[in-house]
Amino acid sequence: MGGIHLNDVDILNLYWSRNEQAIAETQESYGKYCFSIAFRILRDREDSDECVNDTWLRAWNAIPPNRPARLSLFLGTITRNLSFDKWKRKKAMKRGNGEMEVALEELMECVPMGGWSVNAVEEAVEAAELQRLLNAFLHTLPEKECNVFLRRYWYVEEYQEIAKRFGMNLNTVKTSLFRTRKKLREYLEQEGVVI
């Protein structure tokens, strides 16, 4: 389209009219965003590219009948789920710094695990009722606290990255995340979720 970015409504209209230009426009607008989500989970360029390409195919197959209200969130969720699936298949991050493993272990403090291993924690997070409760919990947090939590557990950013992003001290980030996990545990227990 000659360097002019289409807005989400125009991109969605391309999907609805089954115009294959929709995929090229999605790549142009959201390629870097989706790649960054995949790469934080997989720490492998080739695997991340594959997940992003699979995201475009999933989007093509899902729109229509779906018409997402926020295309970025819709695409990001697809990429994240595909990346988790690939990560699980590889049975941990053999390359990279293991940040995914650490982040999932942290969440085990406040997300019900039963007899599951750390590799299955995202399955618990994605369970429909728990997901609804997590979303409701996030809406109770002050904006900055919510953003720090999401940066750690949605985007799997390292503590140092989060501190730099928000101009915070490293220990302040760790303390904030610790307190938020404690609040989440208490919130889930109040809602009747057995930890």
# chains A, B, ... in the order shown; residues from 1 in each chain; ligands from 1

call {"tool": "residues_around", "arguments": {"residues": "Pro64 (chain A)", "least_positions_apart": "6", "cutoff": "10 Å", "atoms": "only C-alpha atoms", "output": "NGL selection string"}}
result
:A and (12-13 or 15-18)

call {"tool": "write_last_selection", "arguments": {"atoms": "all heavy atoms", "output": "PDB file, in the first residue's frame"}}
result
ATOM      1  N   LEU A  12      -9.257  -5.203   9.068  1.00  0.00           N
ATOM      2  CA  LEU A  12     -10.338  -6.175   9.316  1.00  0.00           C
ATOM      3  C   LEU A  12     -11.275  -6.277   8.119  1.00  0.00           C
ATOM      4  O   LEU A  12     -11.743  -7.372   7.775  1.00  0.00           O
ATOM      5  CB  LEU A  12     -11.109  -5.794  10.577  1.00  0.00           C
ATOM      6  CG  LEU A  12     -10.363  -6.059  11.893  1.00  0.00           C
ATOM      7  CD1 LEU A  12     -11.080  -5.386  13.054  1.00  0.00           C
ATOM      8  CD2 LEU A  12     -10.216  -7.550  12.150  1.00  0.00           C
ATOM      9  N   ASN A  13     -11.524  -5.153   7.462  1.00  0.00           N
ATOM     10  CA  ASN A  13     -12.376  -5.187   6.265  1.00  0.00           C
ATOM     11  C   ASN A  13     -11.748  -6.034   5.158  1.00  0.00           C
ATOM     12  O   ASN A  13     -12.453  -6.723   4.417  1.00  0.00           O
ATOM     13  CB  ASN A  13     -12.651  -3.769   5.761  1.00  0.00           C
ATOM     14  CG  ASN A  13     -13.633  -3.022   6.658  1.00  0.00           C
ATOM     15  OD1 ASN A  13     -14.388  -3.636   7.424  1.00  0.00           O
ATOM     16  ND2 ASN A  13     -13.623  -1.703   6.577  1.00  0.00           N
ATOM     17  N   TYR A  15      -9.821  -8.658   5.690  1.00  0.00           N
ATOM     18  CA  TYR A  15     -10.085 -10.051   6.085  1.00  0.00           C
ATOM     19  C   TYR A  15     -11.516 -10.453   5.728  1.00  0.00           C
ATOM     20  O   TYR A  15     -11.755 -11.529   5.182  1.00  0.00           O
ATOM     21  CB  TYR A  15      -9.871 -10.243   7.596  1.00  0.00           C
ATOM     22  CG  TYR A  15      -8.435 -10.428   8.006  1.00  0.00           C
ATOM     23  CD1 TYR A  15      -7.719  -9.392   8.591  1.00  0.00           C
ATOM     24  CD2 TYR A  15      -7.789 -11.655   7.832  1.00  0.00           C
ATOM     25  CE1 TYR A  15      -6.398  -9.566   8.984  1.00  0.00           C
ATOM     26  CE2 TYR A  15      -6.470 -11.831   8.218  1.00  0.00           C
ATOM     27  CZ  TYR A  15      -5.779 -10.788   8.794  1.00  0.00           C
ATOM     28  OH  TYR A  15      -4.473 -10.960   9.179  1.00  0.00           O
ATOM     29  N   TRP A  16     -12.455  -9.575   6.064  1.00  0.00           N
ATOM     30  CA  TRP A  16     -13.863  -9.906   5.826  1.00  0.00           C
ATOM     31  C   TRP A  16     -14.178 -10.038   4.346  1.00  0.00           C
ATOM     32  O   TRP A  16     -15.071 -10.796   3.967  1.00  0.00           O
ATOM     33  CB  TRP A  16     -14.781  -8.877   6.503  1.00  0.00           C
ATOM     34  CG  TRP A  16     -14.986  -9.236   7.942  1.00  0.00           C
ATOM     35  CD1 TRP A  16     -14.126  -9.038   8.968  1.00  0.00           C
ATOM     36  CD2 TRP A  16     -16.101  -9.923   8.511  1.00  0.00           C
ATOM     37  NE1 TRP A  16     -14.633  -9.543  10.134  1.00  0.00           N
ATOM     38  CE2 TRP A  16     -15.851 -10.095   9.887  1.00  0.00           C
ATOM     39  CE3 TRP A  16     -17.302 -10.402   7.977  1.00  0.00           C
ATOM     40  CZ2 TRP A  16     -16.747 -10.730  10.743  1.00  0.00           C
ATOM     41  CZ3 TRP A  16     -18.201 -11.021   8.840  1.00  0.00           C
ATOM     42  CH2 TRP A  16     -17.923 -11.186  10.198  1.00  0.00           C
ATOM     43  N   SER A  17     -13.456  -9.320   3.503  1.00  0.00           N
ATOM     44  CA  SER A  17     -13.690  -9.458   2.053  1.00  0.00           C
ATOM     45  C   SER A  17     -12.803 -10.555   1.458  1.00  0.00           C
ATOM     46  O   SER A  17     -12.791 -10.741   0.249  1.00  0.00           O
ATOM     47  CB  SER A  17     -13.443  -8.123   1.344  1.00  0.00           C
ATOM     48  OG  SER A  17     -12.081  -7.741   1.476  1.00  0.00           O
ATOM     49  N   ARG A  18     -12.064 -11.269   2.347  1.00  0.00           N
ATOM     50  CA  ARG A  18     -11.179 -12.382   1.954  1.00  0.00           C
ATOM     51  C   ARG A  18     -10.096 -11.914   0.981  1.00  0.00           C
ATOM     52  O   ARG A  18      -9.671 -12.646   0.083  1.00  0.00           O
ATOM     53  CB  ARG A  18     -11.960 -13.570   1.365  1.00  0.00           C
ATOM     54  CG  ARG A  18     -13.066 -14.108   2.237  1.00  0.00           C
ATOM     55  CD  ARG A  18     -12.690 -14.307   3.690  1.00  0.00           C
ATOM     56  NE  ARG A  18     -11.825 -15.453   3.927  1.00  0.00           N
ATOM     57  CZ  ARG A  18     -11.053 -15.599   5.011  1.00  0.00           C
ATOM     58  NH1 ARG A  18     -11.025 -14.676   5.940  1.00  0.00           N
ATOM     59  NH2 ARG A  18     -10.313 -16.662   5.158  1.00  0.00           N
TER      60      ARG A  18
END

call {"tool": "residues_around", "arguments": {"residues": "region 163-174 of chain A", "least_positions_apart": "5", "cutoff": "9 Å", "atoms": "only C-alpha atoms", "output": "PDB file with N, CA and C atoms, in the first residue's frame"}}
result
ATOM      1  N   LYS A 144       0.364   1.439  36.954  1.00  0.00           N
ATOM      2  CA  LYS A 144       1.791   1.088  36.880  1.00  0.00           C
ATOM      3  C   LYS A 144       2.038  -0.324  37.398  1.00  0.00           C
ATOM      4  N   VAL A 148       3.628  -3.373  35.208  1.00  0.00           N
ATOM      5  CA  VAL A 148       4.821  -4.117  35.631  1.00  0.00           C
ATOM      6  C   VAL A 148       4.510  -5.620  35.643  1.00  0.00           C
ATOM      7  N   GLU A 158      12.633  -9.470  31.539  1.00  0.00           N
ATOM      8  CA  GLU A 158      13.511  -9.620  32.688  1.00  0.00           C
ATOM      9  C   GLU A 158      13.331  -8.418  33.611  1.00  0.00           C
ATOM     10  N   ARG A 179       4.665  -8.373  45.822  1.00  0.00           N
ATOM     11  CA  ARG A 179       3.424  -7.910  46.458  1.00  0.00           C
ATOM     12  C   ARG A 179       2.206  -8.181  45.569  1.00  0.00           C
TER      13      ARG A 179
END

call {"tool": "atom_distance", "arguments": {"atom1": "CA of Glu28 (chain A)", "atom2": "CA of Asn61 (chain A)"}}
result
18.8 Å

call {"tool": "atom_distance", "arguments": {"atom1": "CA of Leu6 (chain A)", "atom2": "CA of Ser72 (chain A)"}}
result
13.3 Å

call {"tool": "select_by_dssp", "arguments": {"residues": "region 3-191 of chain A", "states": "alpha helix (DSSP H)", "output": "PyMOL selection string"}}
result
chain A and resi 8-16+21-42+45-62+71-89+99-107+121-126+128-138+143-153+159-166+170-190

call {"tool": "atom_distance", "arguments": {"atom1": "CA of Cys51 (chain A)", "atom2": "CA of Leu138 (chain A)"}}
result
26.9 Å

call {"tool": "residues_around", "arguments": {"residues": "Leu42 (chain A)", "least_positions_apart": "4", "cutoff": "8 Å", "atoms": "only C-alpha atoms", "output": "PyMOL selection string"}}
result
chain A and resi 38+47-48+83+86-87+93

call {"tool": "residues_around", "arguments": {"residues": "Gly31 (chain A)", "least_positions_apart": "2", "cutoff": "10 Å", "atoms": "only C-alpha atoms", "output": "PyMOL selection string"}}
result
chain A and resi 24-29+33-36+49+52-53+55-56+75

call {"tool": "write_last_selection", "arguments": {"atoms": "C-alpha atoms", "output": "PDB file, in the first residue's frame"}}
result
ATOM      1  CA  ALA A  24       0.587  -8.270   4.230  1.00  0.00           C
ATOM      2  CA  GLU A  25      -1.022  -5.322   6.040  1.00  0.00           C
ATOM      3  CA  THR A  26      -1.129  -7.287   9.303  1.00  0.00           C
ATOM      4  CA  GLN A  27       2.566  -8.113   8.939  1.00  0.00           C
ATOM      5  CA  GLU A  28       3.331  -4.452   8.236  1.00  0.00           C
ATOM      6  CA  SER A  29       1.392  -3.183  11.256  1.00  0.00           C
ATOM      7  CA  TYR A  33       4.935  -6.618  17.937  1.00  0.00           C
ATOM      8  CA  CYS A  34       4.060 -10.302  17.460  1.00  0.00           C
ATOM      9  CA  PHE A  35       7.696 -11.249  16.874  1.00  0.00           C
ATOM     10  CA  SER A  36       8.699  -9.603  20.164  1.00  0.00           C
ATOM     11  CA  ASP A  49       9.294 -16.200  12.819  1.00  0.00           C
ATOM     12  CA  VAL A  52       4.369 -15.152  13.690  1.00  0.00           C
ATOM     13  CA  ASN A  53       3.642 -16.708  10.277  1.00  0.00           C
ATOM     14  CA  THR A  55      -0.401 -16.283  13.684  1.00  0.00           C
ATOM     15  CA  TRP A  56      -1.291 -14.765  10.305  1.00  0.00           C
ATOM     16  CA  LEU A  75      -3.009 -11.194  17.361  1.00  0.00           C
TER      17      LEU A  75
END

call {"tool": "closest_residue", "arguments": {"among": "A:Glu186, A:Glu191, A:Asp54, A:Glu157", "to": "Phe39 (chain A)", "atoms": "only C-alpha atoms"}}
result
A:Glu157

call {"tool": "decode", "arguments": {"residues": "region 57-76 of chain A", "atoms": "N, CA, C and O atoms", "output": "PDB file, in the first residue's frame"}}
result
ATOM      1  N   LEU A  57      -1.861 -17.058   9.678  1.00  0.00           N
ATOM      2  CA  LEU A  57      -2.761 -18.103   9.173  1.00  0.00           C
ATOM      3  C   LEU A  57      -3.959 -18.284  10.105  1.00  0.00           C
ATOM      4  O   LEU A  57      -5.102 -18.373   9.643  1.00  0.00           O
ATOM      5  N   ARG A  58      -3.688 -18.294  11.422  1.00  0.00           N
ATOM      6  CA  ARG A  58      -4.792 -18.427  12.391  1.00  0.00           C
ATOM      7  C   ARG A  58      -5.752 -17.247  12.267  1.00  0.00           C
ATOM      8  O   ARG A  58      -6.967 -17.415  12.354  1.00  0.00           O
ATOM      9  N   ALA A  59      -5.181 -16.054  12.117  1.00  0.00           N
ATOM     10  CA  ALA A  59      -6.031 -14.866  11.981  1.00  0.00           C
ATOM     11  C   ALA A  59      -6.891 -14.975  10.722  1.00  0.00           C
ATOM     12  O   ALA A  59      -8.086 -14.674  10.747  1.00  0.00           O
ATOM     13  N   TRP A  60      -6.287 -15.405   9.624  1.00  0.00           N
ATOM     14  CA  TRP A  60      -7.006 -15.567   8.349  1.00  0.00           C
ATOM     15  C   TRP A  60      -8.184 -16.530   8.512  1.00  0.00           C
ATOM     16  O   TRP A  60      -9.272 -16.295   8.006  1.00  0.00           O
ATOM     17  N   ASN A  61      -7.944 -17.618   9.277  1.00  0.00           N
ATOM     18  CA  ASN A  61      -8.989 -18.625   9.472  1.00  0.00           C
ATOM     19  C   ASN A  61     -10.045 -18.190  10.495  1.00  0.00           C
ATOM     20  O   ASN A  61     -11.154 -18.709  10.490  1.00  0.00           O
ATOM     21  N   ALA A  62      -9.685 -17.229  11.366  1.00  0.00           N
ATOM     22  CA  ALA A  62     -10.607 -16.823  12.432  1.00  0.00           C
ATOM     23  C   ALA A  62     -11.436 -15.584  12.084  1.00  0.00           C
ATOM     24  O   ALA A  62     -12.476 -15.346  12.677  1.00  0.00           O
ATOM     25  N   ILE A  63     -10.950 -14.789  11.123  1.00  0.00           N
ATOM     26  CA  ILE A  63     -11.646 -13.551  10.723  1.00  0.00           C
ATOM     27  C   ILE A  63     -12.075 -13.688   9.272  1.00  0.00           C
ATOM     28  O   ILE A  63     -11.208 -13.717   8.408  1.00  0.00           O
ATOM     29  N   PRO A  64     -13.360 -13.675   8.915  1.00  0.00           N
ATOM     30  CA  PRO A  64     -14.479 -13.924   9.804  1.00  0.00           C
ATOM     31  C   PRO A  64     -14.482 -15.391  10.271  1.00  0.00           C
ATOM     32  O   PRO A  64     -13.735 -16.169   9.717  1.00  0.00           O
ATOM     33  N   PRO A  65     -15.329 -15.761  11.225  1.00  0.00           N
ATOM     34  CA  PRO A  65     -16.497 -15.060  11.756  1.00  0.00           C
ATOM     35  C   PRO A  65     -16.165 -14.043  12.859  1.00  0.00           C
ATOM     36  O   PRO A  65     -16.985 -13.201  13.170  1.00  0.00           O
ATOM     37  N   ASN A  66     -14.987 -14.161  13.485  1.00  0.00           N
ATOM     38  CA  ASN A  66     -14.649 -13.213  14.550  1.00  0.00           C
ATOM     39  C   ASN A  66     -14.334 -11.845  13.971  1.00  0.00           C
ATOM     40  O   ASN A  66     -13.770 -11.745  12.888  1.00  0.00           O
ATOM     41  N   ARG A  67     -14.694 -10.804  14.714  1.00  0.00           N
ATOM     42  CA  ARG A  67     -14.275  -9.441  14.384  1.00  0.00           C
ATOM     43  C   ARG A  67     -13.755  -8.825  15.671  1.00  0.00           C
ATOM     44  O   ARG A  67     -14.506  -8.234  16.442  1.00  0.00           O
ATOM     45  N   PRO A  68     -12.446  -9.009  15.938  1.00  0.00           N
ATOM     46  CA  PRO A  68     -11.888  -8.564  17.223  1.00  0.00           C
ATOM     47  C   PRO A  68     -12.023  -7.067  17.451  1.00  0.00           C
ATOM     48  O   PRO A  68     -11.838  -6.277  16.521  1.00  0.00           O
ATOM     49  N   ALA A  69     -12.336  -6.706  18.694  1.00  0.00           N
ATOM     50  CA  ALA A  69     -12.448  -5.285  19.053  1.00  0.00           C
ATOM     51  C   ALA A  69     -11.062  -4.637  19.065  1.00  0.00           C
ATOM     52  O   ALA A  69     -10.916  -3.474  18.698  1.00  0.00           O
ATOM     53  N   ARG A  70     -10.059  -5.390  19.511  1.00  0.00           N
ATOM     54  CA  ARG A  70      -8.674  -4.879  19.531  1.00  0.00           C
ATOM     55  C   ARG A  70      -7.797  -5.870  18.785  1.00  0.00           C
ATOM     56  O   ARG A  70      -7.449  -6.925  19.307  1.00  0.00           O
ATOM     57  N   LEU A  71      -7.437  -5.520  17.574  1.00  0.00           N
ATOM     58  CA  LEU A  71      -6.670  -6.424  16.728  1.00  0.00           C
ATOM     59  C   LEU A  71      -5.321  -6.766  17.357  1.00  0.00           C
ATOM     60  O   LEU A  71      -4.873  -7.910  17.293  1.00  0.00           O
ATOM     61  N   SER A  72      -4.668  -5.790  17.991  1.00  0.00           N
ATOM     62  CA  SER A  72      -3.358  -6.052  18.600  1.00  0.00           C
ATOM     63  C   SER A  72      -3.464  -7.130  19.681  1.00  0.00           C
ATOM     64  O   SER A  72      -2.637  -8.042  19.740  1.00  0.00           O
ATOM     65  N   LEU A  73      -4.481  -7.049  20.526  1.00  0.00           N
ATOM     66  CA  LEU A  73      -4.660  -8.035  21.589  1.00  0.00           C
ATOM     67  C   LEU A  73      -5.004  -9.402  21.001  1.00  0.00           C
ATOM     68  O   LEU A  73      -4.482 -10.429  21.442  1.00  0.00           O
ATOM     69  N   PHE A  74      -5.850  -9.431  19.996  1.00  0.00           N
ATOM     70  CA  PHE A  74      -6.242 -10.664  19.328  1.00  0.00           C
ATOM     71  C   PHE A  74      -5.017 -11.370  18.744  1.00  0.00           C
ATOM     72  O   PHE A  74      -4.781 -12.555  18.985  1.00  0.00           O
ATOM     73  N   LEU A  75      -4.201 -10.616  17.992  1.00  0.00           N
ATOM     74  CA  LEU A  75      -3.009 -11.194  17.361  1.00  0.00           C
ATOM     75  C   LEU A  75      -1.964 -11.578  18.406  1.00  0.00           C
ATOM     76  O   LEU A  75      -1.335 -12.636  18.299  1.00  0.00           O
ATOM     77  N   GLY A  76      -1.792 -10.723  19.419  1.00  0.00           N
ATOM     78  CA  GLY A  76      -0.815 -11.011  20.467  1.00  0.00           C
ATOM     79  C   GLY A  76      -1.148 -12.280  21.227  1.00  0.00           C
ATOM     80  O   GLY A  76      -0.261 -13.069  21.570  1.00  0.00           O
TER      81      GLY A  76
END
